[in-house]
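Input: a single structure, listed below in structure tokens.
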Amino acid sequence: MKKFERTLSATVPLNIENIDTDQIIPARFLKATTREGFGENLFRDWRYNGDNTIKTDFVLNDPAYSGQILVAGKNFGCGSSREHAAWAIQDAGFDIVISSFFADIFKGNALNNGLLPIQVSEDFLSAIYAAVDKDHKAQLDVDLEKQTVTIVSTGEKADFEINAYKKSCLINGYDDIDFILNQKHLIEEFEQAK
Amino acid sequence: MSKTLVEKIWDAHVVKSETGFPDILYIDTHLIHEVTSPQAFDGLRKRGLPVFRPQQTVATADHNVPTIDQLKPIKEELSRYQVDMLTKNCAEFGIELYGLGHPFQGIVHVIGPELGITLPGKTMVCGDSHTSTHGAFGAIAFGIGTSQVEQVFATQCLLQQKPKTMKIEVNGTLGKGVSAKDIILYIISKISAAGGTGYFIEYAGSAIEALSMEARMTICNMSIEMGARGGLIAPDQITFDYIKGREFAPAGAEWDKALAYWKTLYSDADAKFDSVLTFKAEDISPMITYGTNPGMGMGIQENIPSTSSQPGKEQLSYQKALDYMGFDDDSSLIGKPVDYVFIGSCTNSRIEDLREVAEFVKGKQKAENVTVWIVPGSKQVEQQAKNEGLDRIFEQAGFQLREPGCSACLGMNEDKIPAGKYCVSTSNRNFEGRQGPDARTLLVSPLTAAAAAVTGKITDVREMLAKA
């Protein structure tokens, strides 16, 4: 897993609630057996018409918006446990997703892949949308070390929560398997005691 | 100290608990399928690791498999490749596979219980969000991502934060024509598609206790549709009777020992839940969804809530959902023509579901405008249905009894609903495009689906039952 660094970036605002993982990556694109290449089909049915022509009114197809940060409405990533959703978002160039609420499994999957899910208040989410509406290239400054996200143009700043263990994994590029493998003797002892 | 059922099972599986870190939780049983496992096997190869406890891992092929001519080579190349990869990976890593052609093959959440693999007090995971189904037996069972599949392969453990606990009580007696599916769709409609996030839910109360094991599985299955990773029900005599004698269930002295332990698995009377909700069974009618998440459901006689009645920030998403479905504010769905009826999925594809549908349609015919697919949850369910002559009832009614798999629940195989068409479905998700690009899904119980199949339109099954 690559190490997570402080990010200064414009955003892609997706002001929709309850975005489920079937929208992020539809089931018919889950047939690959590697982790790469899912970005091509990120939000497939919102980006393309049935005849594969581009839906120009969808924000990901609008060149006015760009950046490593996806901003979306509450309950982001609900539904299926497919980790392909996190892979697709990363593969499309995003390092951070900001929402006012995340579904559990998606959040875990994102963290396990070095994609940072940041939960902010509804009000701060609205402030981000307002800033990006005013200036489509408005930047956010995300500082994982300090656990803050700042709207650069207005100076509005919010703190965010992250599990201390997960934070250290992201900053150091470790994953859970490294952590548990170091304690394998405890697992064997547990099995014997059962 | 008094404990909830979740706490009892959780605490019995903690390998290590350290402040500032998630618990290391031991996993008794790991179920896998072809879609969410290949990258995890690849990860093991890259790390040079074996599967730590292959005997505690069970595999089946379900998501991609065709539901007709299952023994012929899979036509769709990528699906075939994914199923072949599962076979190859299971052989390489020493995992038991119930693949196509095996008498135990089926939807992963149907075969676990029917084979006696799912047992009270276990911890179980699968790279599939509907793993919550197994909680019906009083197990901690939840869906995980592929990185965690790799974690369980490598260590038989998961790093997990202990969840919050919620109790949902449903008391009273269900009305005629109302079933477990209606209970869970009703609860989700009340607390929303996010209302259970962060919790494991224990279902309790007299209406839950009265349910069969298969009906309890339907309830626990959809816990994830309100955001809860797990849902469970304390095991009782109904549970024990269901398990006894199944293929991999404990037997003899092992049974007695297991049973004694299972009888300790309940929430203590004074155990504290982080949240408690109570519903009355009498308030529940046959349910139907009208939108694009499972929280957008209503009693079948109700009108679709108006956009203006939604909180301001949510109106845009709400209107988008109604536009997708082609429905208007304040309208009724009764009498609306439907194109497809799908009876299947890990929610409602068990023998009791098929029996209920068969009993209702016996001597009736499907409407001309409707295509009806019945997809059994497993080879064993399919065989049982044939043994009982249900296949002939379905055939006479014009329904197609297919072979087992996830099928049109998510349309990874050929079973897709065409764009714009309405599908009345016993599955668990009505997301945009879930059953095929631009397909429109209405989630219902098997009985309500059967009624729509016969009339060709959305129908209150209670009216048909009253006339019968």
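Numbering starts fresh at 1 for the residues of each chain in the structure tokens, the chains themselves are lettered A, B, ... in the order given, and ligands are numbered from 1 as they appear.
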Check the DSSP output for the backbone and give back, as a ChimeraX atom specification, the residues of range 10-89 of chain A in strand (DSSP E or B).
/A:10-14,20,48,54,69-72,76,78
Select residues of chain A: the criterion is any atom within 8 Å of an atom of chain B, counting only C-alpha atoms; output as number ranges by chain.
A: 16-18, 20, 22-23, 26-28, 30-35, 45, 50, 75, 78-83, 103-105, 108-109, 112-113, 163-165, 176-177, 180-181, 184, 186-187, 190
Using backbone DSSP assignments, extract all helix (DSSP H, G or I) residues from range 262-415 of chain B; output them as a PyMOL selection string.
chain B and resi 262+281-283+307-309+312-325+351-361+379-387+390-397+407-409
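Distance-wise, CA of Glu282 in chain B and CA of Ser206 in chain B end up 11.9 Å apart.
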Range 4-13 of chain A environment, 6 Å, only C-alpha atoms, sequence neighbours closer than 5 positions dropped, as a PyMOL selection string
chain A and resi 65-67+69-71+137-143+170-171
Written file, previous selection with N, CA, C and O atoms, as a PDB file, in the first residue's frame:
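Output file again_29.pdb follows:
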```
ATOM      1  N   TYR A  65     -14.508  20.160 -13.847  1.00  0.00           N
ATOM      2  CA  TYR A  65     -14.181  19.592 -12.533  1.00  0.00           C
ATOM      3  C   TYR A  65     -13.063  18.568 -12.664  1.00  0.00           C
ATOM      4  O   TYR A  65     -13.031  17.793 -13.626  1.00  0.00           O
ATOM      5  N   SER A  66     -12.171  18.578 -11.695  1.00  0.00           N
ATOM      6  CA  SER A  66     -11.077  17.604 -11.713  1.00  0.00           C
ATOM      7  C   SER A  66     -10.512  17.475 -10.298  1.00  0.00           C
ATOM      8  O   SER A  66     -10.964  18.162  -9.390  1.00  0.00           O
ATOM      9  N   GLY A  67      -9.543  16.616 -10.152  1.00  0.00           N
ATOM     10  CA  GLY A  67      -8.863  16.522  -8.855  1.00  0.00           C
ATOM     11  C   GLY A  67      -8.886  15.134  -8.257  1.00  0.00           C
ATOM     12  O   GLY A  67      -9.492  14.207  -8.800  1.00  0.00           O
ATOM     13  N   ILE A  69     -10.065  14.453  -5.248  1.00  0.00           N
ATOM     14  CA  ILE A  69     -11.040  14.349  -4.156  1.00  0.00           C
ATOM     15  C   ILE A  69     -12.461  14.247  -4.718  1.00  0.00           C
ATOM     16  O   ILE A  69     -12.904  15.119  -5.470  1.00  0.00           O
ATOM     17  N   LEU A  70     -13.143  13.180  -4.359  1.00  0.00           N
ATOM     18  CA  LEU A  70     -14.546  13.010  -4.734  1.00  0.00           C
ATOM     19  C   LEU A  70     -15.400  13.436  -3.539  1.00  0.00           C
ATOM     20  O   LEU A  70     -15.131  13.022  -2.412  1.00  0.00           O
ATOM     21  N   VAL A  71     -16.398  14.277  -3.789  1.00  0.00           N
ATOM     22  CA  VAL A  71     -17.266  14.746  -2.708  1.00  0.00           C
ATOM     23  C   VAL A  71     -18.683  14.259  -3.003  1.00  0.00           C
ATOM     24  O   VAL A  71     -19.187  14.465  -4.108  1.00  0.00           O
ATOM     25  N   LYS A 137     -12.759  25.083  -9.644  1.00  0.00           N
ATOM     26  CA  LYS A 137     -11.405  24.566  -9.328  1.00  0.00           C
ATOM     27  C   LYS A 137     -11.029  24.821  -7.865  1.00  0.00           C
ATOM     28  O   LYS A 137      -9.856  24.709  -7.488  1.00  0.00           O
ATOM     29  N   ALA A 138     -12.011  25.189  -7.054  1.00  0.00           N
ATOM     30  CA  ALA A 138     -11.735  25.464  -5.635  1.00  0.00           C
ATOM     31  C   ALA A 138     -11.015  24.285  -5.002  1.00  0.00           C
ATOM     32  O   ALA A 138     -11.402  23.134  -5.193  1.00  0.00           O
ATOM     33  N   GLN A 139      -9.975  24.597  -4.228  1.00  0.00           N
ATOM     34  CA  GLN A 139      -9.155  23.516  -3.686  1.00  0.00           C
ATOM     35  C   GLN A 139      -9.444  23.213  -2.221  1.00  0.00           C
ATOM     36  O   GLN A 139      -9.824  24.097  -1.458  1.00  0.00           O
ATOM     37  N   LEU A 140      -9.239  21.958  -1.873  1.00  0.00           N
ATOM     38  CA  LEU A 140      -9.294  21.541  -0.475  1.00  0.00           C
ATOM     39  C   LEU A 140      -7.878  21.135  -0.059  1.00  0.00           C
ATOM     40  O   LEU A 140      -7.126  20.584  -0.868  1.00  0.00           O
ATOM     41  N   ASP A 141      -7.578  21.403   1.198  1.00  0.00           N
ATOM     42  CA  ASP A 141      -6.299  20.988   1.761  1.00  0.00           C
ATOM     43  C   ASP A 141      -6.597  19.908   2.795  1.00  0.00           C
ATOM     44  O   ASP A 141      -7.225  20.171   3.818  1.00  0.00           O
ATOM     45  N   VAL A 142      -6.176  18.686   2.494  1.00  0.00           N
ATOM     46  CA  VAL A 142      -6.448  17.573   3.408  1.00  0.00           C
ATOM     47  C   VAL A 142      -5.156  17.166   4.110  1.00  0.00           C
ATOM     48  O   VAL A 142      -4.189  16.761   3.464  1.00  0.00           O
ATOM     49  N   ASP A 143      -5.169  17.315   5.427  1.00  0.00           N
ATOM     50  CA  ASP A 143      -3.986  16.998   6.218  1.00  0.00           C
ATOM     51  C   ASP A 143      -4.329  15.827   7.147  1.00  0.00           C
ATOM     52  O   ASP A 143      -4.978  16.004   8.172  1.00  0.00           O
ATOM     53  N   LEU A 170      -2.214   4.113   7.127  1.00  0.00           N
ATOM     54  CA  LEU A 170      -2.216   4.941   5.920  1.00  0.00           C
ATOM     55  C   LEU A 170      -0.915   5.721   5.795  1.00  0.00           C
ATOM     56  O   LEU A 170      -0.308   5.784   4.720  1.00  0.00           O
ATOM     57  N   ILE A 171      -0.493   6.315   6.895  1.00  0.00           N
ATOM     58  CA  ILE A 171       0.697   7.165   6.841  1.00  0.00           C
ATOM     59  C   ILE A 171       1.954   6.335   6.550  1.00  0.00           C
ATOM     60  O   ILE A 171       2.833   6.757   5.806  1.00  0.00           O
TER      61      ILE A 171
END
```
Applying 8 Å and only C-alpha atoms, which residues near Cys220 in chain B remain after dropping the ones on its own chain fewer than 4 positions away? List them as a PyMOL selection string.
chain B and resi 132-136+216+230-233
Residue neighbourhood Asn61 in chain A, 12 Å, only C-alpha atoms, exclusion window fewer than 2 positions, as number ranges by chain:
A: 12-14, 42-44, 46-48, 53-59, 63-66
Go ahead and save the picked residues with N, CA and C atoms, as a PDB file, in the first residue's frame.
```
ATOM      1  N   VAL A  12     -14.258  16.805  -7.331  1.00  0.00           N
ATOM      2  CA  VAL A  12     -15.374  16.483  -8.215  1.00  0.00           C
ATOM      3  C   VAL A  12     -16.609  16.319  -7.319  1.00  0.00           C
ATOM      4  N   PRO A  13     -17.571  17.255  -7.390  1.00  0.00           N
ATOM      5  CA  PRO A  13     -18.725  17.207  -6.486  1.00  0.00           C
ATOM      6  C   PRO A  13     -19.868  16.368  -7.058  1.00  0.00           C
ATOM      7  N   LEU A  14     -20.316  15.405  -6.286  1.00  0.00           N
ATOM      8  CA  LEU A  14     -21.383  14.506  -6.728  1.00  0.00           C
ATOM      9  C   LEU A  14     -22.491  14.609  -5.679  1.00  0.00           C
ATOM     10  N   LEU A  42     -16.000   3.188 -13.622  1.00  0.00           N
ATOM     11  CA  LEU A  42     -16.498   3.912 -12.450  1.00  0.00           C
ATOM     12  C   LEU A  42     -17.749   4.701 -12.846  1.00  0.00           C
ATOM     13  N   PHE A  43     -18.813   4.545 -12.075  1.00  0.00           N
ATOM     14  CA  PHE A  43     -20.107   5.214 -12.352  1.00  0.00           C
ATOM     15  C   PHE A  43     -20.540   5.004 -13.814  1.00  0.00           C
ATOM     16  N   ARG A  44     -20.292   3.811 -14.297  1.00  0.00           N
ATOM     17  CA  ARG A  44     -20.507   3.505 -15.710  1.00  0.00           C
ATOM     18  C   ARG A  44     -21.860   3.986 -16.250  1.00  0.00           C
ATOM     19  N   TRP A  46     -23.913   6.134 -15.125  1.00  0.00           N
ATOM     20  CA  TRP A  46     -24.164   7.574 -15.021  1.00  0.00           C
ATOM     21  C   TRP A  46     -23.287   8.340 -16.025  1.00  0.00           C
ATOM     22  N   ARG A  47     -22.171   7.718 -16.404  1.00  0.00           N
ATOM     23  CA  ARG A  47     -21.252   8.383 -17.345  1.00  0.00           C
ATOM     24  C   ARG A  47     -21.609   8.116 -18.804  1.00  0.00           C
ATOM     25  N   TYR A  48     -22.194   6.942 -19.054  1.00  0.00           N
ATOM     26  CA  TYR A  48     -22.448   6.559 -20.443  1.00  0.00           C
ATOM     27  C   TYR A  48     -23.908   6.187 -20.661  1.00  0.00           C
ATOM     28  N   THR A  53     -22.428   6.169 -25.677  1.00  0.00           N
ATOM     29  CA  THR A  53     -22.109   7.580 -25.860  1.00  0.00           C
ATOM     30  C   THR A  53     -22.054   8.232 -24.482  1.00  0.00           C
ATOM     31  N   ILE A  54     -21.292   9.321 -24.403  1.00  0.00           N
ATOM     32  CA  ILE A  54     -21.066   9.972 -23.102  1.00  0.00           C
ATOM     33  C   ILE A  54     -22.259  10.825 -22.687  1.00  0.00           C
ATOM     34  N   LYS A  55     -22.625  10.728 -21.407  1.00  0.00           N
ATOM     35  CA  LYS A  55     -23.659  11.613 -20.867  1.00  0.00           C
ATOM     36  C   LYS A  55     -22.961  12.911 -20.451  1.00  0.00           C
ATOM     37  N   THR A  56     -23.106  13.942 -21.258  1.00  0.00           N
ATOM     38  CA  THR A  56     -22.309  15.162 -21.043  1.00  0.00           C
ATOM     39  C   THR A  56     -22.717  15.921 -19.782  1.00  0.00           C
ATOM     40  N   ASP A  57     -23.949  15.677 -19.296  1.00  0.00           N
ATOM     41  CA  ASP A  57     -24.380  16.439 -18.117  1.00  0.00           C
ATOM     42  C   ASP A  57     -23.912  15.821 -16.808  1.00  0.00           C
ATOM     43  N   PHE A  58     -23.205  14.692 -16.851  1.00  0.00           N
ATOM     44  CA  PHE A  58     -22.742  14.081 -15.608  1.00  0.00           C
ATOM     45  C   PHE A  58     -21.399  14.701 -15.208  1.00  0.00           C
ATOM     46  N   VAL A  59     -21.274  14.984 -13.917  1.00  0.00           N
ATOM     47  CA  VAL A  59     -20.150  15.787 -13.435  1.00  0.00           C
ATOM     48  C   VAL A  59     -18.777  15.175 -13.747  1.00  0.00           C
ATOM     49  N   PRO A  63     -15.284  18.661 -17.961  1.00  0.00           N
ATOM     50  CA  PRO A  63     -13.872  19.011 -17.774  1.00  0.00           C
ATOM     51  C   PRO A  63     -13.664  20.180 -16.808  1.00  0.00           C
ATOM     52  N   ALA A  64     -14.755  20.871 -16.455  1.00  0.00           N
ATOM     53  CA  ALA A  64     -14.620  21.966 -15.491  1.00  0.00           C
ATOM     54  C   ALA A  64     -14.194  21.450 -14.115  1.00  0.00           C
ATOM     55  N   TYR A  65     -14.508  20.160 -13.847  1.00  0.00           N
ATOM     56  CA  TYR A  65     -14.181  19.592 -12.533  1.00  0.00           C
ATOM     57  C   TYR A  65     -13.063  18.568 -12.664  1.00  0.00           C
ATOM     58  N   SER A  66     -12.171  18.578 -11.695  1.00  0.00           N
ATOM     59  CA  SER A  66     -11.077  17.604 -11.713  1.00  0.00           C
ATOM     60  C   SER A  66     -10.512  17.475 -10.298  1.00  0.00           C
TER      61      SER A  66
END
```
Using only C-alpha atoms, can you tell me which of A:Thr154, A:Ser168, A:Asn49, A:Gln119 comes closest to Phe102 in chain A?
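Using only C-alpha atoms, Phe102 in chain A sits closest to A:Gln119.
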Gap from CA of Thr60 in chain B to CA of Asp175 in chain A - Å, one decimal
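Separating CA of Thr60 in chain B from CA of Asp175 in chain A is a distance of 27.7 Å.
The interatomic distance for the pair CA of Asp268 in chain B and CA of Glu18 in chain B works out to 25.6 Å.
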